[in-house]
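Just below is one structure, and these are the notes that go with it.
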Amino acid sequence: MSHTLSGKAAIAGIGATEFSKQSGRSELQLASEAVLAAIADAGLKPSDVDGLVTFSSDVNTEIAVARETGIGELSFFSRVEYGGGAACGTVAHAAMAVATGQAEAVVCYRAFNERSGHRFGQATASTRGATSQGLEFSWHLPYGFATPAAWVAMFARRYMHEYGATSEDFGRVAVAMRRHAATNPAAWFHGRPITLEEHQDSRWIVDPLHLLDCCQESDGGVAILVTSAERARDLPNTPAVIAAAAQGAAADQYMMFSYYGQTDLTELRAMGVVGERLWRDSGLTPADIQTAILYDHFTPFVLYQLEELGFCPRGEARHFIADGTIELDGKLPVNPHGGQLGEAYIHGMNGIAEAVRQLRGTAANQLPSITNTLVTAGTGVPTSGLILTTT
Amino acid sequence: MHEELTALAERLAALGEQPAPPPLDAVNEAMIRNWRQALGDGHDWGEEAPPAMAQVWSMPGLVTRKEPSAADDILQTLNANGFTGVVATNCEHVYDRPVRVGERLTSTARFGTLVGPKQTAMGLGYFVTWYQSWYAGDERVAEMLFRVLKFQPVKRRPKGKPPLPAIGLDSEYFWEGAREGELRIQKCGECGELRHPPGPMCASCHSAKRDHVVASGRGTVYSYVVHHHPPVPGRTPPYVVALVELEEGPRIVGNILGAEPSEVSVGMAVELDFERIDDEVTLPQWRPAGRPAPAPRPVPERVSDWPALEIPLTPTFIISTALGTRDFTPVHHDVALARAQGSKDIFLNILTTMGLVQRYVLENDPDAVLSGMKVRLGAPAYAGDDLVLTGTREGDTVTVRGTVSLGDHVNATVTLR
């Protein structure tokens with residue numbers, strides 16, 4: 001395993017703001033608050049941090065965050081592309097920096113006013129020029145095909161057609177996430193579970209997706225502090241050791257429109273690429289994972305991910321989840337914090353924090369004997385994933 | 001509500017002609033000169049007032065509160081019942097005889113008709129018509145009909161157009177083809193591999209030699225969605241976006257036109273159609289196979305026997321004609337206020353439109369004497385646009401059409417003595 005990243009780095013600190021619909025603060029303030037909270041959680045000082053990583057889509061530059069938090073000088077900074085697909089990638093970049101000695105302590109952060117400010121769920125208004133990405137958008141936006149829900153729904157319809165999945169199958173994911181959020185005081189939907197009937201009765205957003213198939217929109221920030229596994233063991237918290245970290249893009253990958261070439265719309269090959277590396281580098285198998293944090297911006301892709309990562313055979317996720325398997329008392333609890341459907345949409349970073357809490361034994365919905373967790377990032381886009389362990 | 005309105009309309013109609021506030025000034029040279037200068041009217045009127053000025057004599061000027069019109073009660077009742085939208089649809093003048101400088105006019109108003117409810121392009125609405133007449137002594141000299149549509153504003157397609165595609169070196173051949181009615185699929189000039197979306201290099205053989213084939217236009221729906229929310233500029237929900245697998249192999253995204261969302265299914269056969277967005281962009285689109293394309297909207301022939309008169313609608317023109325017709329409504333001179341009320345800019349007032357139709361007729365036939373004008377109003381004529389008037393005379397009738405970039409601003413029928 002000497003040629004992999006496995007076991008070299010660990011998450012030693014997590015921090016977050018409250019999750020709301022209107023933070024009332026600047027995005028830079030949210031980022032700074034979350035970063036400071038993660039540093040404090042790790043038992044470090046801002047001056048101990050020498051690296052920062054965020055999403056390409058984050059509006060808070062690394063230098064601005066370093067200025068506000070008093071981190072001071074930086075020797076490593078990087079950004080990860082493709083929207084929510086970046087989440088675990090930020091930790092992968094930080095781990096690589098730590099493992100290679102480019103940095104000693106790196107904070108990954110994501111902060112935005114995604115509900116009170118720029119809302120990702122609204123229609124994308126412009127192709128932004130004839131760049132490679134602008135041209136990708138140009139085959140879609142002119143047709144009023146302009147929202148993430150619509151882009152995912154195009155996959156979901158084909159999946160329903162091929163495998164006989166129904167809107168109720170998607171609904172079971174939403175019901176599970178809201179059940180979990182209901183007992184998580186940090187969740188926006190704390191105390192507000194839903195029934196499958198409520199899911200079915202919720203209005204259409206983009207048929208076949210109902211409102212309750214779509215994650216919420218949130219204001220907030222989350223930060224994750226990564227350092228060497230060795231150093232993490234000397235810090236106050238149980239380390240969440242990075243057993244594997246991976247990014248992945250498929251052949252014929254598009255930003256969120258991988259509909260072309262030989263692409264099969266019932267698969268998320270980018271997540272397959274991530275999964276293969278996660279299993280290989282960690283030496284683990286799906287049976288070793290006690291809880292999975294699966295990116296749940298839209299319910300259908302939770303089913304795809306269960307299949308793509310090998311938790312169940314292709315096309316059978318709907319049977320896999322039918323009897324509460326992904327709920328708190330099931331065989332593979334998914335998103336015990338309530339996910340982005342229930343807790344908050346912080347572009348997947350809140351899921352990484354939840355995986356760390358489960359390993360530490362400090363989660364609101366703490367599951368027994370968690371030693372291995374798997375976390376994924378945004379799907380439909382080029383993505384990323386982590387396997388975190390206690391050893 | 002309908003019964004209440006009908007009863008009210010009957011009561012108002014039964015009142016017949018009622019005195020209206022008398023014109024403040026006698027017919028006078030100063031107001032005529034202001035009006036003619038503003039509208040660019042070069043006709044030799046002698047001692048007569050231009051007939052199209054009829055309503056100008058009754059305009060109250062810059063006042064804080066306008067006198068209620070003969071239809072006021074009806075308009076208020078419609079407002080209270082959700083018919084809050086208003087758009088002027090018709091203005092008609094009858095000229096009994098010319099009026100002369102020095103004459104002092106009186107005026108009456110009467111309620112006309114209430115017609116509706118009717119389903120219109122603006123929404124469900126009622127057409128409300130009323131009249132105003134002008135007298136010199138006991139002799140009627142002119143009458144005006146005014147009609148508005150009061151409508152329940154419906155959720156309309158969000159303002160604006162969908163984003164246009166960015167067009168680059170690697171995709172311009174595609175959009176050229178679409179403009180010419182072809183769906184072009186990129187074909188590698190070396191190995192012949194087909195692909196969509198296009199790109200600069202063949203992933204199979206790395207050739208940058210690009211060619212294309214023209215698609216047959218037959219395909220099947222590989223997947224589709226029905227968009228309901230959120231609003232997308234230029235598209236009216238619910239609408240279908242489909243991923244179409246072409247007979248030739250590649251897939252392409254487009255809308256399914258001419259079909260209800262419930263009629264669309266995976267595997268459905270579709271045929272190519274085109275949607276022209278503007279001069280640059282035509283979108284390849286789809287309709288169910290075997291279903292004829294809807295007949296294109298007939299475009300009225302632009303027949304004009306008379307030369308076109310092009311009037312640049314400068315802010316000065318819009319404002320000075322509004323004031324020259326003694327219309328101080330802010331939407332005709334205050335840009336910020338006009339925009340706050342949902343207009344693109346300040347726009348031409350109706351009294352000016354009437355005057356410009358008259359001007360156009362008399363410039364082409366200086367000996368004509370107008371006995372009336374019937375005007376149908378259309379798209380607003382905003383500052384910055386051009387108003388182009390064309391016309392044709394047949395016997396004692398002249399039809400005048402005035403277009404702006406948004407379409408027809410005015411269609412008028414002018415009758416001559």
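Identifiers for the structure tokens are assigned positionally: chains receive A, B, ... in sequence, residues are indexed from 1 per chain, and ligands are indexed from 1 in the order shown.
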Residues of chain B within 9 Å of chain A, counting only C-alpha atoms, as a PyMOL selection string: chain B and resi 161-171+195-197+222-235+238-239+241-243+249-255+266+283+285
Test item, strand (DSSP E or B) assignment across stretch 225-288 of chain A, answer as a PyMOL selection string: chain A and resi 225-228+240-248
DSSP-assigned helix (DSSP H, G or I) among stretch 336-382 of chain A, expressed as a PyMOL selection string: chain A and resi 339-342+349-360
Only N, CA and C atoms, please: the residues just picked out, written as a PDB file, in the first residue's frame.
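Just written: out-v5.pdb:
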```
ATOM      1  N   GLY A 339     -28.871  13.877   5.793  1.00  0.00           N
ATOM      2  CA  GLY A 339     -28.420  14.224   4.447  1.00  0.00           C
ATOM      3  C   GLY A 339     -28.747  15.653   4.067  1.00  0.00           C
ATOM      4  N   GLN A 340     -28.688  15.902   2.778  1.00  0.00           N
ATOM      5  CA  GLN A 340     -28.973  17.243   2.281  1.00  0.00           C
ATOM      6  C   GLN A 340     -30.462  17.448   2.106  1.00  0.00           C
ATOM      7  N   LEU A 341     -31.190  16.334   2.028  1.00  0.00           N
ATOM      8  CA  LEU A 341     -32.650  16.417   2.011  1.00  0.00           C
ATOM      9  C   LEU A 341     -33.165  16.847   3.378  1.00  0.00           C
ATOM     10  N   GLY A 342     -32.437  16.460   4.439  1.00  0.00           N
ATOM     11  CA  GLY A 342     -32.973  16.694   5.775  1.00  0.00           C
ATOM     12  C   GLY A 342     -32.160  17.651   6.621  1.00  0.00           C
ATOM     13  N   MET A 349     -20.333  18.875   2.165  1.00  0.00           N
ATOM     14  CA  MET A 349     -19.311  18.974   3.214  1.00  0.00           C
ATOM     15  C   MET A 349     -19.867  18.594   4.585  1.00  0.00           C
ATOM     16  N   ASN A 350     -21.174  18.842   4.802  1.00  0.00           N
ATOM     17  CA  ASN A 350     -21.775  18.446   6.074  1.00  0.00           C
ATOM     18  C   ASN A 350     -21.832  16.933   6.204  1.00  0.00           C
ATOM     19  N   GLY A 351     -21.840  16.234   5.069  1.00  0.00           N
ATOM     20  CA  GLY A 351     -21.811  14.768   5.118  1.00  0.00           C
ATOM     21  C   GLY A 351     -20.469  14.245   5.602  1.00  0.00           C
ATOM     22  N   ILE A 352     -19.388  14.917   5.178  1.00  0.00           N
ATOM     23  CA  ILE A 352     -18.060  14.488   5.647  1.00  0.00           C
ATOM     24  C   ILE A 352     -17.982  14.674   7.170  1.00  0.00           C
ATOM     25  N   ALA A 353     -18.491  15.795   7.642  1.00  0.00           N
ATOM     26  CA  ALA A 353     -18.482  16.046   9.092  1.00  0.00           C
ATOM     27  C   ALA A 353     -19.276  14.965   9.835  1.00  0.00           C
ATOM     28  N   GLU A 354     -20.382  14.535   9.255  1.00  0.00           N
ATOM     29  CA  GLU A 354     -21.181  13.491   9.898  1.00  0.00           C
ATOM     30  C   GLU A 354     -20.414  12.162   9.954  1.00  0.00           C
ATOM     31  N   ALA A 355     -19.709  11.844   8.882  1.00  0.00           N
ATOM     32  CA  ALA A 355     -18.922  10.600   8.892  1.00  0.00           C
ATOM     33  C   ALA A 355     -17.898  10.645  10.027  1.00  0.00           C
ATOM     34  N   VAL A 356     -17.272  11.798  10.227  1.00  0.00           N
ATOM     35  CA  VAL A 356     -16.284  11.951  11.296  1.00  0.00           C
ATOM     36  C   VAL A 356     -16.949  11.774  12.661  1.00  0.00           C
ATOM     37  N   ARG A 357     -18.111  12.375  12.846  1.00  0.00           N
ATOM     38  CA  ARG A 357     -18.820  12.245  14.133  1.00  0.00           C
ATOM     39  C   ARG A 357     -19.200  10.795  14.397  1.00  0.00           C
ATOM     40  N   GLN A 358     -19.637  10.089  13.356  1.00  0.00           N
ATOM     41  CA  GLN A 358     -20.001   8.675  13.566  1.00  0.00           C
ATOM     42  C   GLN A 358     -18.793   7.865  14.030  1.00  0.00           C
ATOM     43  N   LEU A 359     -17.624   8.177  13.471  1.00  0.00           N
ATOM     44  CA  LEU A 359     -16.407   7.456  13.879  1.00  0.00           C
ATOM     45  C   LEU A 359     -15.992   7.842  15.299  1.00  0.00           C
ATOM     46  N   ARG A 360     -16.227   9.097  15.645  1.00  0.00           N
ATOM     47  CA  ARG A 360     -15.875   9.556  16.994  1.00  0.00           C
ATOM     48  C   ARG A 360     -16.870   9.072  18.043  1.00  0.00           C
TER      49      ARG A 360
END
```
10 Å contact set for A:Phe320, only C-alpha atoms, chain neighbours under 4 positions out, as a list in words: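 Those residues are Leu303, Leu306, Glu307, Phe311, Cys312, Pro313, Gly315, Glu316, Gly324, Thr325, Ile326, Lys331 and Leu332 of chain A.
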Just the residues within 10 Å of B:Gly177, please, counting only C-alpha atoms, with nothing from its chain fewer than 5 positions along; format it as a list in words. Glu172, Glu182, Leu183, Arg184, Ile185, Val214, Thr282 and Pro284 of chain B
Residues within 8 Å of A:Ile71, only C-alpha atoms, excluding chain neighbours under 5 positions, as a VMD selection string: chain A and resid 46 to 50 66
File dump, residues just selected, C-alpha atoms, as a PDB file, in the first residue's frame:
```
ATOM      1  CA  PRO A  46      -4.892  29.263  13.287  1.00  0.00           C
ATOM      2  CA  SER A  47      -1.150  29.694  12.888  1.00  0.00           C
ATOM      3  CA  ASP A  48      -0.784  25.896  12.853  1.00  0.00           C
ATOM      4  CA  VAL A  49      -2.651  25.786   9.544  1.00  0.00           C
ATOM      5  CA  ASP A  50      -0.574  26.165   6.377  1.00  0.00           C
ATOM      6  CA  ALA A  66      -6.523  33.214   5.743  1.00  0.00           C
TER       7      ALA A  66
END
```
List as a ChimeraX atom specification the protein and nucleic acid residues near B:Val414, meaning an atom at most 6 Å away when only C-alpha atoms are counted, but skip any in the same chain fewer than 4 places from it. /B:372-373,397-398
Considering only C-alpha atoms, return as a PyMOL selection string whatever protein or nucleic-acid residues lie within 10 Å of B:Ala322, sequence-local ones (same chain, fewer than 2 positions apart) excluded. chain B and resi 35+38-39+316-320+324-333+347-352
Only N, CA and C atoms, please: the residues just picked out, written as a CSV table (one decimal), in the first residue's frame.
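New file part13.csv:
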```csv
chain,number,residue,atom,x,y,z
B,35,TRP,N,-48.7,71.2,-30.8
B,35,TRP,CA,-49.1,69.8,-31.2
B,35,TRP,C,-48.4,69.5,-32.6
B,38,ALA,N,-44.6,69.1,-32.3
B,38,ALA,CA,-44.2,67.9,-31.6
B,38,ALA,C,-44.4,66.7,-32.6
B,39,LEU,N,-45.5,66.7,-33.3
B,39,LEU,CA,-45.8,65.5,-34.1
B,39,LEU,C,-45.2,65.6,-35.5
B,316,THR,N,-37.0,62.6,-26.9
B,316,THR,CA,-37.6,63.9,-27.1
B,316,THR,C,-38.9,63.8,-27.9
B,317,PHE,N,-39.0,62.9,-28.9
B,317,PHE,CA,-40.3,62.8,-29.6
B,317,PHE,C,-41.4,62.2,-28.7
B,318,ILE,N,-41.1,61.2,-27.9
B,318,ILE,CA,-42.1,60.6,-27.1
B,318,ILE,C,-42.6,61.6,-26.1
B,319,ILE,N,-41.7,62.4,-25.5
B,319,ILE,CA,-42.0,63.3,-24.4
B,319,ILE,C,-42.7,64.6,-25.0
B,320,SER,N,-42.2,65.1,-26.1
B,320,SER,CA,-42.8,66.3,-26.6
B,320,SER,C,-44.2,66.1,-27.2
B,324,GLY,N,-47.4,67.7,-26.0
B,324,GLY,CA,-48.1,68.4,-27.0
B,324,GLY,C,-49.6,68.0,-27.1
B,325,THR,N,-49.9,66.8,-26.7
B,325,THR,CA,-51.2,66.3,-26.7
B,325,THR,C,-51.8,66.5,-25.3
B,326,ARG,N,-51.1,67.2,-24.5
B,326,ARG,CA,-51.5,67.6,-23.1
B,326,ARG,C,-51.7,66.3,-22.2
B,327,ASP,N,-50.9,65.3,-22.5
B,327,ASP,CA,-51.0,64.0,-21.7
B,327,ASP,C,-49.8,64.0,-20.8
B,328,PHE,N,-50.0,64.2,-19.5
B,328,PHE,CA,-48.9,64.3,-18.5
B,328,PHE,C,-48.8,63.0,-17.7
B,329,THR,N,-49.4,61.9,-18.2
B,329,THR,CA,-49.2,60.6,-17.5
B,329,THR,C,-47.7,60.3,-17.5
B,330,PRO,N,-47.1,60.0,-16.3
B,330,PRO,CA,-45.7,59.8,-16.2
B,330,PRO,C,-45.1,58.7,-17.1
B,331,VAL,N,-45.8,57.7,-17.4
B,331,VAL,CA,-45.2,56.6,-18.3
B,331,VAL,C,-44.8,57.1,-19.6
B,332,HIS,N,-45.2,58.3,-20.0
B,332,HIS,CA,-44.8,58.9,-21.3
B,332,HIS,C,-43.6,59.9,-21.2
B,333,HIS,N,-43.2,60.1,-19.9
B,333,HIS,CA,-42.0,61.0,-19.9
B,333,HIS,C,-41.0,60.7,-18.8
B,347,PHE,N,-43.1,55.3,-23.5
B,347,PHE,CA,-43.7,54.9,-24.8
B,347,PHE,C,-44.7,55.9,-25.3
B,348,LEU,N,-45.0,55.8,-26.6
B,348,LEU,CA,-45.9,56.8,-27.3
B,348,LEU,C,-47.3,56.7,-26.7
B,349,ASN,N,-47.9,57.9,-26.5
B,349,ASN,CA,-49.3,57.8,-26.0
B,349,ASN,C,-50.3,57.7,-27.2
B,350,ILE,N,-51.5,57.3,-26.8
B,350,ILE,CA,-52.5,57.0,-27.9
B,350,ILE,C,-52.9,58.3,-28.7
B,351,LEU,N,-53.0,59.4,-28.0
B,351,LEU,CA,-53.4,60.6,-28.7
B,351,LEU,C,-52.4,60.9,-29.9
B,352,THR,N,-51.1,60.6,-29.6
B,352,THR,CA,-50.1,60.8,-30.6
B,352,THR,C,-50.2,59.8,-31.7
```
From B:Leu362, B:Val221, B:Ile256, B:Ala383, residue lying nearest B:Pro51 [only C-alpha atoms]: B:Leu362
Have a look at atom CA of B:Asp396 and atom CA of B:Pro98 and let me know their distance in Å, one decimal.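 These two atoms are separated by 17.8 Å.
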Give the answer as one residue: which of B:Leu246, B:Val410, B:Met122, B:Val375 has the shortest atom-to-atom distance to B:Asn90, using only C-alpha atoms?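 Closest to B:Asn90, using only C-alpha atoms: B:Val375.
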